[in-house]
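Enquirer: Please find run_25.txt (compact mmCIF, C-alpha atoms) on the next line:
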```
# COMPACT_ATOMS: atom_id res chain seq x y z
CA MET A 233 -77.98 181.73 181.79
CA LYS A 234 -80.04 179.63 179.41
CA ASN A 235 -79.70 176.43 181.43
CA LYS A 236 -80.69 177.23 185.00
CA LEU A 237 -81.15 174.05 187.00
CA GLN A 238 -83.46 174.39 190.01
CA SER A 239 -81.68 171.74 192.06
CA PHE A 240 -78.39 173.59 191.60
CA GLU A 241 -79.99 176.80 192.83
CA THR A 242 -81.07 175.04 196.02
CA TYR A 243 -77.56 173.68 196.47
CA ARG A 244 -76.16 177.20 196.08
CA GLY A 245 -78.49 178.53 198.74
CA PHE A 246 -77.70 175.76 201.22
CA ALA A 247 -73.96 176.10 200.62
CA ALA A 248 -74.10 179.87 201.18
CA LEU A 249 -75.99 179.39 204.47
CA MET A 250 -73.43 176.83 205.67
CA ILE A 251 -70.55 179.17 204.84
CA ALA A 252 -72.33 181.96 206.71
CA ALA A 253 -72.56 179.71 209.75
CA VAL A 254 -68.75 179.42 209.76
CA HIS A 255 -68.54 183.19 210.30
CA PHE A 256 -71.37 183.46 212.82
CA ASN A 257 -68.79 183.11 215.55
CA VAL A 258 -70.84 182.37 218.66
CA ASN A 259 -71.22 179.19 220.68
CA SER A 260 -74.50 178.03 219.16
CA PRO A 261 -75.28 174.58 217.72
CA LEU A 262 -76.96 176.48 214.88
CA SER A 263 -73.53 177.67 213.72
CA THR A 264 -71.03 175.22 215.18
CA HIS A 265 -72.49 172.02 213.71
CA SER A 266 -70.40 169.79 211.47
CA LEU A 267 -71.92 171.03 208.22
CA ALA A 268 -70.82 174.60 208.98
CA ASN A 269 -67.80 173.93 206.84
CA GLY A 270 -65.63 175.99 204.51
CA LEU A 271 -65.55 173.12 202.02
CA PHE A 272 -68.88 174.37 200.72
CA VAL A 273 -66.88 177.09 198.95
CA HIS A 274 -65.24 174.28 196.98
CA PHE A 275 -68.68 172.91 196.26
CA PHE A 276 -69.42 176.32 194.72
CA PHE A 277 -66.31 175.99 192.56
CA THR A 278 -67.31 172.51 191.37
CA LEU A 279 -70.87 173.59 190.65
CA SER A 280 -69.59 176.65 188.81
CA GLY A 281 -67.42 174.50 186.54
CA PHE A 282 -70.39 172.27 185.71
CA VAL A 283 -72.68 175.20 184.94
CA MET A 284 -70.09 177.15 182.95
CA TYR A 285 -69.43 174.17 180.70
CA LEU A 286 -73.15 173.42 180.43
CA ASN A 287 -73.82 176.91 179.12
CA TYR A 288 -70.64 177.86 177.28
CA HIS A 289 -69.01 174.68 175.96
CA ASN A 290 -69.83 175.63 172.35
CA LYS A 291 -69.95 179.42 172.64
CA PHE A 292 -66.27 180.41 172.31
CA ILE A 293 -66.16 180.76 168.54
CA ASP A 294 -63.88 183.83 168.40
CA LEU A 295 -61.94 186.13 170.70
CA ASN A 296 -64.91 188.48 170.91
CA SER A 297 -67.03 185.70 172.45
CA VAL A 298 -64.27 185.07 175.00
CA LYS A 299 -64.19 188.79 175.78
CA ASN A 300 -67.97 188.94 176.17
CA PHE A 301 -67.94 185.92 178.49
CA LEU A 302 -65.30 187.45 180.77
CA LYS A 303 -67.11 190.79 180.71
CA LYS A 304 -70.36 189.12 181.72
CA ARG A 305 -68.66 187.21 184.54
CA PHE A 306 -66.97 190.41 185.69
CA TYR A 307 -70.29 192.25 185.95
CA ARG A 308 -71.73 189.24 187.78
CA LEU A 309 -69.03 189.23 190.45
CA TYR A 310 -67.35 192.61 190.74
CA PRO A 311 -70.06 195.20 191.58
CA LEU A 312 -71.16 193.44 194.78
CA HIS A 313 -67.54 192.76 195.70
CA LEU A 314 -66.70 196.45 195.22
CA LEU A 315 -69.72 197.54 197.26
CA PHE A 316 -68.66 195.50 200.28
CA LEU A 317 -65.02 196.42 199.83
CA ILE A 318 -66.04 200.06 200.20
CA ILE A 319 -68.27 199.22 203.17
CA PHE A 320 -65.44 197.42 204.95
CA LEU A 321 -63.09 200.29 204.15
CA VAL A 322 -65.56 202.63 205.88
CA ILE A 323 -65.59 200.22 208.83
CA GLU A 324 -61.80 200.33 208.94
CA ILE A 325 -61.80 204.12 208.93
CA SER A 326 -64.42 204.09 211.70
CA LYS A 327 -62.26 201.74 213.76
CA TYR A 328 -59.35 204.11 213.36
CA LEU A 329 -61.40 207.16 214.44
CA VAL A 330 -62.78 205.31 217.47
CA GLN A 331 -59.26 204.22 218.36
CA ILE A 332 -57.98 207.81 218.17
CA LYS A 333 -60.90 209.40 220.01
CA TYR A 334 -61.77 206.79 222.62
CA GLY A 335 -58.72 204.55 222.78
CA LEU A 336 -60.75 201.46 221.93
CA LEU A 337 -58.85 198.82 219.98
CA ALA A 338 -60.62 196.42 217.66
CA ASN A 339 -59.68 192.74 217.54
CA ASN A 340 -57.90 193.59 214.31
CA VAL A 341 -56.32 197.00 214.88
CA ALA A 342 -57.35 199.51 212.24
CA PHE A 343 -55.31 199.19 209.01
CA SER A 344 -53.06 196.50 210.52
CA VAL A 345 -54.32 193.87 208.05
CA ASN A 346 -56.78 195.84 205.95
CA ASN A 347 -54.27 198.31 204.56
CA LEU A 348 -53.45 200.03 201.27
CA LYS A 349 -51.71 196.97 199.83
CA THR A 350 -54.58 194.62 200.55
CA PHE A 351 -57.13 197.23 199.43
CA LEU A 352 -55.43 197.47 196.04
CA GLY A 353 -55.25 193.68 195.94
CA ASN A 354 -59.01 193.54 196.40
CA ILE A 355 -59.53 196.23 193.77
CA PHE A 356 -57.62 194.16 191.21
CA LEU A 357 -59.07 190.82 192.40
CA ILE A 358 -55.74 189.31 193.41
CA GLN A 359 -56.58 188.90 197.11
CA THR A 360 -56.63 185.10 196.86
CA PHE A 361 -52.84 185.17 196.46
CA PHE A 362 -52.23 187.08 199.72
CA HIS A 363 -51.22 185.45 202.99
CA ASP A 364 -54.16 186.97 204.89
CA ASN A 365 -57.84 187.25 204.09
CA THR A 366 -58.73 190.94 204.18
CA PHE A 367 -61.69 193.33 204.21
CA ASN A 368 -64.74 191.20 203.28
CA THR A 369 -62.81 187.98 203.83
CA PRO A 370 -65.12 185.57 201.91
CA SER A 371 -64.27 187.52 198.74
CA TRP A 372 -61.01 185.56 198.36
CA SER A 373 -63.03 183.03 196.38
CA ILE A 374 -64.25 185.70 193.96
CA SER A 375 -60.64 186.41 193.09
CA ALA A 376 -59.80 182.73 192.58
CA GLU A 377 -62.91 182.04 190.54
CA TYR A 378 -62.58 184.96 188.15
CA TYR A 379 -59.09 183.99 187.05
CA THR A 380 -60.26 180.40 186.73
CA TYR A 381 -62.94 181.68 184.34
CA MET A 382 -60.14 183.16 182.24
CA ILE A 383 -58.31 179.84 182.07
CA PHE A 384 -61.55 178.02 181.25
CA ALA A 385 -62.44 180.35 178.37
CA LEU A 386 -58.97 180.35 176.87
CA ILE A 387 -58.65 176.55 177.04
CA LEU A 388 -62.00 175.99 175.35
CA PHE A 389 -61.23 178.60 172.69
CA PHE A 390 -57.71 177.53 171.76
CA ILE A 391 -57.92 173.76 172.36
CA LYS A 392 -60.83 171.86 170.85
CA LYS A 393 -60.04 168.47 172.40
CA THR A 394 -59.60 169.35 176.05
CA ASN A 395 -60.12 166.10 177.92
CA LEU A 396 -56.50 164.97 178.03
CA LEU A 397 -55.16 168.43 178.87
CA ILE A 398 -57.67 168.93 181.69
CA PHE A 399 -57.05 165.44 183.06
CA ILE A 400 -53.27 165.91 183.11
CA SER A 401 -53.66 169.34 184.72
CA LEU A 402 -55.96 167.97 187.43
CA VAL A 403 -53.58 165.12 188.22
CA SER A 404 -50.63 167.53 188.31
CA ILE A 405 -52.45 169.88 190.69
CA LEU A 406 -53.50 166.95 192.85
CA VAL A 407 -49.94 165.57 193.11
CA PHE A 408 -48.56 169.01 193.89
CA ARG A 409 -51.21 169.71 196.52
CA LEU A 410 -50.74 166.32 198.17
CA ASN A 411 -47.03 167.05 198.46
CA SER A 412 -47.79 170.39 200.11
CA ASP A 413 -49.19 168.55 203.17
CA ILE A 414 -52.10 171.02 203.33
CA GLY A 415 -55.58 169.60 202.77
CA LEU A 416 -58.27 171.00 200.52
CA GLY A 417 -59.86 174.11 201.96
CA ILE A 418 -57.02 176.61 202.29
CA GLU A 419 -58.37 180.11 201.68
CA LYS A 420 -55.23 182.07 200.85
CA THR A 421 -52.03 182.15 198.77
CA TYR A 422 -51.68 180.58 195.34
CA LEU A 423 -52.76 177.23 196.86
CA SER A 424 -56.32 178.55 197.15
CA PHE A 425 -56.22 179.38 193.44
CA LEU A 426 -55.01 175.87 192.57
CA ASP A 427 -57.80 174.38 194.67
CA CYS A 428 -60.33 176.52 192.79
CA ILE A 429 -58.98 175.30 189.44
CA TYR A 430 -59.02 171.69 190.67
CA CYS A 431 -62.65 171.83 191.82
CA PHE A 432 -63.83 173.90 188.85
CA PHE A 433 -62.48 171.50 186.24
CA ILE A 434 -63.83 168.50 188.12
CA GLY A 435 -67.15 170.27 187.59
CA VAL A 436 -66.32 170.68 183.89
CA PHE A 437 -65.53 166.96 183.56
CA SER A 438 -68.74 166.13 185.41
CA CYS A 439 -70.77 168.10 182.90
CA LYS A 440 -69.02 166.29 180.04
CA ILE A 441 -70.05 162.98 181.64
CA TYR A 442 -73.60 164.30 182.07
CA PHE A 443 -73.81 165.18 178.37
CA LYS A 444 -72.61 161.72 177.39
CA TYR A 445 -74.66 159.50 179.69
CA SER A 446 -77.77 161.39 180.85
CA SER A 447 -79.80 160.11 177.92
CA LEU A 448 -79.29 156.48 178.92
CA GLU A 449 -82.32 154.60 180.21
CA ILE A 450 -80.53 153.53 183.40
CA TYR A 451 -79.73 157.18 184.19
CA ARG A 452 -83.32 158.32 183.64
CA LYS A 453 -84.61 155.46 185.78
CA TYR A 454 -82.31 155.79 188.78
CA TYR A 455 -80.97 159.38 188.87
CA SER A 456 -83.24 160.40 191.76
CA ILE A 457 -82.26 157.44 193.96
CA ILE A 458 -78.56 157.94 193.20
CA THR A 459 -78.89 161.67 193.97
CA PHE A 460 -80.33 160.85 197.40
CA PHE A 461 -77.46 158.44 198.07
CA LEU A 462 -74.83 160.96 196.92
CA LEU A 463 -76.34 163.71 199.08
CA ILE A 464 -75.80 161.51 202.14
CA VAL A 465 -72.30 160.47 201.06
CA SER A 466 -71.25 164.06 200.29
CA GLY A 467 -72.48 165.25 203.68
CA LEU A 468 -70.64 162.45 205.47
CA LEU A 469 -67.45 163.21 203.58
CA ILE A 470 -67.63 166.92 204.45
CA ILE A 471 -68.12 166.05 208.11
CA ASN A 472 -65.58 163.27 208.46
CA ILE A 473 -62.82 163.68 205.86
CA SER A 474 -59.92 166.09 206.28
CA GLY A 475 -56.25 166.41 205.34
CA LYS A 476 -55.00 164.76 202.16
CA PHE A 477 -58.09 162.59 201.77
CA SER A 478 -60.23 165.74 201.40
CA PHE A 479 -59.21 166.00 197.74
CA ILE A 480 -61.62 163.17 196.95
CA ILE A 481 -64.60 165.27 198.10
CA PRO A 482 -64.95 167.40 194.91
CA VAL A 483 -65.15 164.15 192.91
CA PHE A 484 -68.30 163.26 194.87
CA PHE A 485 -69.54 166.83 194.43
CA GLY A 486 -69.22 166.28 190.69
CA LEU A 487 -71.06 162.96 190.85
CA LEU A 488 -73.84 164.60 192.85
CA LEU A 489 -74.21 167.30 190.20
CA ILE A 490 -74.34 164.74 187.38
CA PHE A 491 -77.34 162.99 188.89
CA SER A 492 -79.00 166.12 190.34
CA ALA A 493 -79.11 167.98 187.05
CA ASN A 494 -82.38 166.31 185.97
CA LEU A 495 -84.23 166.75 189.28
CA LYS A 496 -87.64 168.33 188.85
CA ASN A 497 -90.90 168.62 190.77
CA GLU A 498 -91.94 165.13 189.75
CA ASN A 499 -91.01 162.96 192.75
CA ILE A 500 -90.56 163.36 196.51
CA LEU A 501 -86.88 164.31 196.36
CA GLY A 502 -87.45 166.68 193.47
CA LYS A 503 -90.37 168.38 195.21
CA ILE A 504 -88.19 168.98 198.27
CA ILE A 505 -85.02 170.14 196.53
CA CYS A 506 -86.80 172.16 193.83
CA ASN A 507 -89.09 173.90 196.33
CA LYS A 508 -89.61 177.53 195.27
CA LEU A 509 -88.32 178.94 198.57
CA PHE A 510 -85.13 176.88 198.40
CA VAL A 511 -84.61 177.81 194.76
CA TYR A 512 -85.00 181.49 195.61
CA LEU A 513 -82.39 181.20 198.35
CA GLY A 514 -80.11 179.97 195.58
CA SER A 515 -80.96 182.99 193.47
CA ILE A 516 -79.83 185.32 196.26
CA SER A 517 -76.95 183.07 197.36
CA TYR A 518 -74.22 185.37 196.04
CA SER A 519 -75.59 188.21 198.15
CA ILE A 520 -75.86 185.86 201.14
CA TYR A 521 -72.24 184.90 200.63
CA MET A 522 -71.03 188.49 200.31
CA CYS A 523 -73.10 190.23 202.98
CA HIS A 524 -73.32 187.77 205.90
CA LEU A 525 -70.04 188.85 207.51
CA PHE A 526 -71.11 192.50 207.42
CA VAL A 527 -74.47 191.62 208.97
CA PHE A 528 -72.84 189.65 211.78
CA TRP A 529 -70.30 192.42 212.44
CA CYS A 530 -73.06 195.06 212.66
CA LEU A 531 -75.18 192.93 214.97
CA THR A 532 -72.17 192.23 217.20
CA GLN A 533 -71.37 195.94 217.52
CA PHE A 534 -75.01 196.75 218.27
CA LEU A 535 -75.19 194.15 221.04
CA ARG A 536 -71.83 195.14 222.43
CA PHE A 537 -72.01 198.94 222.42
CA VAL A 538 -75.73 199.78 222.32
CA ILE A 539 -77.32 196.93 224.27
CA ARG A 540 -74.05 196.66 226.27
CA LEU A 541 -73.95 192.89 226.62
CA GLU A 542 -71.01 191.47 228.55
CA THR A 543 -67.86 190.43 226.71
CA ILE A 544 -65.04 187.97 227.33
CA VAL A 545 -61.54 187.61 225.94
CA ASP A 546 -60.81 184.15 224.53
CA ASP A 547 -57.51 182.27 224.55
CA ASN A 548 -56.45 184.02 221.34
CA GLY A 549 -56.96 187.47 222.83
CA ILE A 550 -60.16 188.05 220.84
CA THR A 551 -62.92 190.01 222.54
CA LYS A 552 -66.27 188.23 222.08
CA LEU A 553 -69.79 188.56 223.38
CA ASP A 554 -70.38 186.51 226.53
CA LEU A 555 -73.65 184.85 225.54
CA SER A 556 -75.70 182.10 227.07
CA LEU A 557 -76.69 179.22 224.82
CA PHE A 558 -80.15 180.70 224.38
CA GLU A 559 -78.76 184.15 223.55
CA ALA A 560 -76.28 182.65 221.07
CA ASN A 561 -79.07 180.74 219.33
CA ILE A 562 -81.18 183.88 219.09
CA MET A 563 -78.23 185.82 217.67
CA VAL A 564 -77.66 183.22 214.95
CA VAL A 565 -81.36 183.22 214.02
CA ILE A 566 -81.34 187.02 213.83
CA SER A 567 -78.10 186.96 211.82
CA TYR A 568 -79.60 184.55 209.30
CA THR A 569 -82.84 186.52 209.10
CA LEU A 570 -81.11 189.86 208.53
CA THR A 571 -78.73 188.27 206.03
CA ILE A 572 -81.57 186.83 203.97
CA VAL A 573 -83.56 190.08 204.09
CA LEU A 574 -80.52 192.15 203.06
CA SER A 575 -79.65 189.62 200.36
CA HIS A 576 -83.17 189.87 198.93
CA ILE A 577 -82.75 193.64 198.72
CA LEU A 578 -79.25 193.44 197.24
CA TYR A 579 -80.26 190.86 194.65
CA ASN A 580 -83.30 192.73 193.42
CA TYR A 581 -82.06 196.31 193.69
CA PHE A 582 -78.30 196.04 193.23
CA GLU A 583 -77.19 192.80 191.57
CA LYS A 584 -79.80 193.00 188.83
CA ARG A 585 -78.65 196.48 187.88
CA PHE A 586 -75.44 194.94 186.56
CA TYR A 587 -76.40 191.37 185.79
CA ARG A 588 -79.81 190.01 184.88
CA PRO A 589 -80.15 186.23 184.71
CA SER A 590 -81.82 185.06 181.52
```
For the file at hand, write its structure as structure tokens.
Expert:
Amino acid sequence: MKNKLQSFETYRGFAALMIAAVHFNVNSPLSTHSLANGLFVHFFFTLSGFVMYLNYHNKFIDLNSVKNFLKKRFYRLYPLHLLFLIIFLVIEISKYLVQIKYGLLANNVAFSVNNLKTFLGNIFLIQTFFHDNTFNTPSWSISAEYYTYMIFALILFFIKKTNLLIFISLVSILVFRLNSDIGLGIEKTYLSFLDCIYCFFIGVFSCKIYFKYSSLEIYRKYYSIITFFLLIVSGLLIINISGKFSFIIPVFFGLLLIFSANLKNENILGKIICNKLFVYLGSISYSIYMCHLFVFWCLTQFLRFVIRLETIVDDNGITKLDLSLFEANIMVVISYTLTIVLSHILYNYFEKRFYRPS
């Protein structure tokens, strides 16, 4: 993309690491802290809406440009999704063979949830509409986001004055979701798709506001201070707000993006957020997001069946490693390290084969 904002890359990397922590299912404060929260997926959606509008608001001049946009987004998302879908299918087949040969049952019995129907759903990117997250479970958001891209492109192509339409749509989604009595953050069924649209177009509106007001003197003078304040507020909201009130959180995500967009290595906050290491973690964030569950699964099986660590069965009948606090902390550190190393490899030797950022 032409407009690649360093602060946004850092936010992507941090969000991906926090989502990974949700799935590093051991009793470690490194993964069970309050910021290990699935709402960071919705931060991704909001950020994506901002960036898509930033880069494509004036690019949909004909149907061919819409087609090229969707093709580019497809090649950005689908190859890595397909790779891990195949990997998790191989895992499912392995679980079945182990079950037949040794009588060992996995926590999710082979092909009980990850079956032909859900495999085809993942192939056609409709898994966000299912009642269960399947195979590489974080990929539900890839499904929701791709179809949101379609809506975005078609709206901008067919309707030149979009503000009123988007505003009415956001209010309608918000009213409907509030009446559903399920807070922001659901990761399945059509509600997850509506939440993606809601967050994405808040990001679009935020970019519109950025275009209009970022040239003002008061913005240029105070954007760094306001960014610092909004970082604190956003973190507190993620930690403390749930249920119906959670729908306000993407609004603060959008505000954060408005004031973060101009951050550069020119002040203390900019030097921290735009640090090269943090920015690189953002560059590989999609791989972090897509591979962390596989890494944690592999490490768990290694510790369970090769190292032969003790296991326990929790109240939900799930077999888990019986780890001390120290062992759990070490496992999370190793999980993060392996995830980042694998993501570096995937980004440079797989992702870039299909999509090369400009």
Enquirer: Would you please work out which residue, of A:Lys236, A:Lys508, A:Ile516, A:Leu423, is nearest to Asn494 (chain A) when using only C-alpha atoms?
Expert: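 Closest candidate: A:Lys236.
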Enquirer: So that I can check the surroundings of Thr380 (chain A), please list as a PyMOL selection string every protein, DNA and RNA residue that reaches within 9 Å of it, counting all atoms listed in the file and ignoring chain neighbours fewer than 5 positions away.
Expert: chain A and resi 375+385+425+428-429+432
Enquirer: For Ala338 (chain A), which residue among A:Val565, A:Ile418, A:Ile572, A:Gly549 is the nearest when counting only C-alpha atoms?
Expert: A:Gly549
Enquirer: CA of Thr360 (chain A) and CA of Phe272 (chain A) are how many Å apart?
Expert: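 That distance, rounded to one decimal, is 16.7 Å.
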Enquirer: When you count all atoms listed in the file, which of these residues is closest to Cys439 (chain A): A:Ile293, A:Tyr328, A:Ser492, A:Met382?
Expert: A:Ser492
Enquirer: With only C-alpha atoms as the counted atoms, please give the residues lying no more than 10 Å from region 447-453 of chain A, apart from itself and same-chain residues fewer than 3 positions off, as a CSV table (one decimal) with C-alpha atoms, in the coordinates of the input.
Expert:
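This is the output file out25.csv:
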```
chain,number,residue,atom,x,y,z
A,442,TYR,CA,-73.6,164.3,182.1
A,443,PHE,CA,-73.8,165.2,178.4
A,444,LYS,CA,-72.6,161.7,177.4
A,456,SER,CA,-83.2,160.4,191.8
A,457,ILE,CA,-82.3,157.4,194.0
A,458,ILE,CA,-78.6,157.9,193.2
A,490,ILE,CA,-74.3,164.7,187.4
A,491,PHE,CA,-77.3,163.0,188.9
A,494,ASN,CA,-82.4,166.3,186.0
```
Enquirer: Once 6 Å is added on each side, what centre and edge lengths in Å to one decimal does the axis-aligned box around all listed atoms of region 421-427 of chain A have, as AutoDock Vina command-line options?
Expert:
```
--center_x -54.7 --center_y 178.3 --center_z 195.7 --size_x 18.1 --size_y 19.8 --size_z 18.2
```
Enquirer: With distances taken over all atoms listed in the file, which residue among A:Ser412, A:Asn354, A:Asn287, A:Thr569 lies nearest Phe301 (chain A)?
Expert: A:Asn287
Enquirer: So, with all atoms listed in the file as the atoms that count, which of A:Thr350, A:Asn257, A:Gln238, A:Thr394 lies closest to His289 (chain A)?
Expert: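 For His289 (chain A), the nearest of the candidates is A:Thr394.
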Enquirer: Calculate how many Å separate CA of Ile544 (chain A) from CA of Leu337 (chain A), rounding to one decimal.
Expert: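 These atoms are spaced 14.5 Å apart.
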Enquirer: In file coordinates, which residues lie within 9 Å of (-79.0, 173.2, 189.9) using all atoms listed in the file, given as a VMD selection string?
Expert: chain A and resid 236 to 244 279 283 489 492 to 495 506 511 514
Enquirer: Report the distance between CA of Val538 (chain A) and CA of Ala560 (chain A) in Å, rounded to one decimal place.
Expert: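 Distance reported for this atom pair: 17.2 Å.
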Enquirer: Do a neighbour search on Gln533 (chain A) at 12 Å with all atoms listed in the file, toss out local chain neighbours closer than 5 positions, and write the hits as an mmCIF file with C-alpha atoms, in the coordinates of the input.
Expert:
```cif
data_model
loop_
_atom_site.group_PDB
_atom_site.id
_atom_site.type_symbol
_atom_site.label_atom_id
_atom_site.label_comp_id
_atom_site.auth_asym_id
_atom_site.auth_seq_id
_atom_site.Cartn_x
_atom_site.Cartn_y
_atom_site.Cartn_z
ATOM 1 C CA ILE A 323 -65.590 200.220 208.830
ATOM 2 C CA LYS A 327 -62.260 201.740 213.760
ATOM 3 C CA ALA A 338 -60.620 196.420 217.660
ATOM 4 C CA PHE A 526 -71.110 192.500 207.420
ATOM 5 C CA VAL A 527 -74.470 191.620 208.970
ATOM 6 C CA PHE A 528 -72.840 189.650 211.780
ATOM 7 C CA VAL A 538 -75.730 199.780 222.320
ATOM 8 C CA ILE A 539 -77.320 196.930 224.270
ATOM 9 C CA ARG A 540 -74.050 196.660 226.270
ATOM 10 C CA LEU A 541 -73.950 192.890 226.620
ATOM 11 C CA GLU A 542 -71.010 191.470 228.550
ATOM 12 C CA THR A 543 -67.860 190.430 226.710
ATOM 13 C CA THR A 551 -62.920 190.010 222.540
ATOM 14 C CA LYS A 552 -66.270 188.230 222.080
ATOM 15 C CA LEU A 553 -69.790 188.560 223.380
#
```
Enquirer: Do you know which residues are at most 8 Å from Ile481 (chain A) counting only C-alpha atoms, after dropping those on the same chain fewer than 6 positions away, and could you put them as a list in words?
Expert: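 Non-adjacent residues within range: Ser466, Leu469 and Ile470 of chain A.
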